[in-house]
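See structure below.
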Amino acid sequence: SQQGEEDPQALSIQEGENATMNCSYKTSINNLQWYRQNSGRGLVHLILIRSNEREKHSGRLRVTLDTSKKSSSLLITASRAADTASYFCATDRGGGKLIFGQGTELSVKP
Amino acid sequence: GAGVSQTPSNKVTEKGKYVELRCDPISGHTALYWYRQSLGQGPEFLIYFQGTGAADDSGLPNDRFFAVRPEGSVSTLKIQRTERGDSAVYLCASSLMGQGYNSPLHFGNGTRLTVT
């Protein structure tokens, strides 16, 4: 069963705009991670936020975590055509396995 | 340095045949994971190794699926009596210390399995 659910399922924006993707989950977590996947490739880790953290930054990425609402958001600022990919959230509930959501397909048009 | 390597990159087999998929993790990574991904879906957890032992195999769909990691490095996912529904991309990932240690996963590019 999937733990995280992302929305929107698909997002299309112009280069330079910001992109926001959301993730909701059902049970308590140790951490939440965001990954990116280009077509036909494996997933690449972007950022990890622990359950006791509320916000984290990495370059043009900003992740927030609200454990009371069991939700997270990923913001990509000043998007580029090269950001076009699928983005997945994944939750670590302890015990070893990381559970992925269905993903958001982002298209950035030049 | 070298990343996670999966072989073959593509495998076409006939229904009912046996297949083996191989994963070479990043050197020194103690944890290894297998996931399965269908088109348009997120990765679906299959099994997680910590060292040589399967710490969690709750995602294996049935007893046709089996995975080993005999020396705590390379892993092989084995599928017996393949069915058309097994067609998917099989992803392998490794991490330095496994979950519970806030350790991210490093993925290979996957093996695309097609059962005809």
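Residues are referred to by chain and number: the chain letter is A, B, ... according to the order shown in the structure tokens, the number counts from 1 in that chain, and ligands are numbered separately from 1 in the order shown.
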Checklist entry - chain A residues within 8 Å of chain B, counting only C-alpha atoms: which ones, as a PyMOL selection string? => result chain A and resi 2+30-31+33+40-45+48+50+88+92+94-103
Next on the checklist: I'd like to know which residues of chain A are strand (DSSP E or B) (by DSSP, run on the backbone); could you write them as a PyMOL selection string?
Outcome noted: chain A and resi 5-7+10-14+19-24+31-37+43-50+55-58+61-66+71-76+85-92+98-100+104-109
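With atom CA of Leu77 of chain B on one side and atom CA of Arg36 of chain A on the other, the separation reads 24.3 Å.
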Next on the checklist: What's around Asp66 of chain A at 10 Å? Count only C-alpha atoms, leave out sequence neighbours fewer than 4 positions away in its own chain, and write the answer as a ChimeraX atom specification.
Outcome noted: /A:24,51-55,70-73
Dump as a short mmCIF file (atom, residue, chain, number, x, y, z; two decimals), in the first residue's frame, selection limited to all heavy atoms:
```cif
data_model
loop_
_atom_site.label_atom_id
_atom_site.label_comp_id
_atom_site.auth_asym_id
_atom_site.auth_seq_id
_atom_site.Cartn_x
_atom_site.Cartn_y
_atom_site.Cartn_z
N SER A 24 0.69 14.07 1.15
CA SER A 24 0.02 13.75 2.41
C SER A 24 0.28 12.29 2.75
O SER A 24 0.50 11.46 1.86
CB SER A 24 -1.49 14.00 2.28
OG SER A 24 -2.04 13.19 1.27
N SER A 51 11.33 14.30 11.26
CA SER A 51 10.00 14.58 11.82
C SER A 51 10.02 15.75 12.79
O SER A 51 8.98 16.36 13.03
CB SER A 51 9.47 13.33 12.53
OG SER A 51 10.33 12.94 13.59
N ASN A 52 11.18 16.10 13.34
CA ASN A 52 11.24 17.22 14.28
C ASN A 52 11.66 18.53 13.58
O ASN A 52 11.92 19.53 14.25
CB ASN A 52 12.19 16.92 15.44
CG ASN A 52 13.61 16.67 14.98
OD1 ASN A 52 13.89 16.62 13.79
ND2 ASN A 52 14.52 16.52 15.94
N GLU A 53 11.76 18.50 12.27
CA GLU A 53 12.08 19.70 11.50
C GLU A 53 10.82 20.21 10.81
O GLU A 53 9.93 19.42 10.46
CB GLU A 53 13.17 19.39 10.45
CG GLU A 53 14.49 18.96 11.08
CD GLU A 53 15.53 18.57 10.04
OE1 GLU A 53 15.20 17.78 9.13
OE2 GLU A 53 16.68 19.06 10.15
N ARG A 54 10.76 21.51 10.57
CA ARG A 54 9.58 22.08 9.94
C ARG A 54 9.86 22.59 8.53
O ARG A 54 8.96 22.67 7.69
CB ARG A 54 9.04 23.23 10.79
CG ARG A 54 8.47 22.74 12.11
CD ARG A 54 7.24 21.86 11.88
NE ARG A 54 6.87 21.13 13.09
CZ ARG A 54 7.18 19.86 13.29
NH1 ARG A 54 7.86 19.15 12.39
NH2 ARG A 54 6.80 19.24 14.41
N GLU A 55 11.12 22.97 8.28
CA GLU A 55 11.45 23.52 6.97
C GLU A 55 12.92 23.22 6.68
O GLU A 55 13.76 23.20 7.58
CB GLU A 55 11.23 25.03 6.97
CG GLU A 55 11.36 25.69 5.63
CD GLU A 55 10.88 27.13 5.65
OE1 GLU A 55 9.77 27.38 6.19
OE2 GLU A 55 11.59 28.01 5.13
N LYS A 70 -0.01 15.94 8.82
CA LYS A 70 0.56 14.82 8.07
C LYS A 70 0.71 15.21 6.59
O LYS A 70 0.19 14.53 5.69
CB LYS A 70 -0.27 13.55 8.22
CG LYS A 70 -0.26 12.98 9.65
CD LYS A 70 -0.94 11.63 9.72
CE LYS A 70 -0.70 10.95 11.05
NZ LYS A 70 -1.14 11.73 12.21
N SER A 71 1.42 16.31 6.38
CA SER A 71 1.61 16.76 5.00
C SER A 71 2.97 17.44 4.84
O SER A 71 3.55 17.94 5.81
CB SER A 71 0.49 17.71 4.59
OG SER A 71 0.59 18.91 5.32
N SER A 72 3.42 17.45 3.60
CA SER A 72 4.68 18.09 3.25
C SER A 72 4.50 18.78 1.91
O SER A 72 3.65 18.39 1.10
CB SER A 72 5.79 17.05 3.15
OG SER A 72 7.00 17.61 2.66
N SER A 73 5.31 19.80 1.67
CA SER A 73 5.30 20.42 0.35
C SER A 73 6.72 20.61 -0.14
O SER A 73 7.64 20.82 0.66
CB SER A 73 4.57 21.75 0.38
OG SER A 73 5.31 22.69 1.14
#
```
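Nearest to Val115 of chain B of all the residues B:Ser73, B:Thr13, B:Phe66, B:Gly51 is B:Thr13, counting only C-alpha atoms.
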Item to check | Atomic separation - atom CA of Glu105 of chain A relative to atom CA of Thr84 of chain A, Å | outcome: 7.8 Å
Checklist outcome for this item: Correct to one decimal, the distance atom CA of Asp83 of chain A-atom CA of Lys56 of chain A is 19.0 Å
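Proximity of A:Ser79, A:Ser107, A:Thr67, A:Glu15 to Thr91 of chain A, computed with only C-alpha atoms, is greatest for A:Thr67.
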Item to check | Option closest in space to Gln37 of chain B, from A:Thr77, A:Thr27, A:Gln37, A:Ser68 [counting only C-alpha atoms] | outcome: A:Gln37
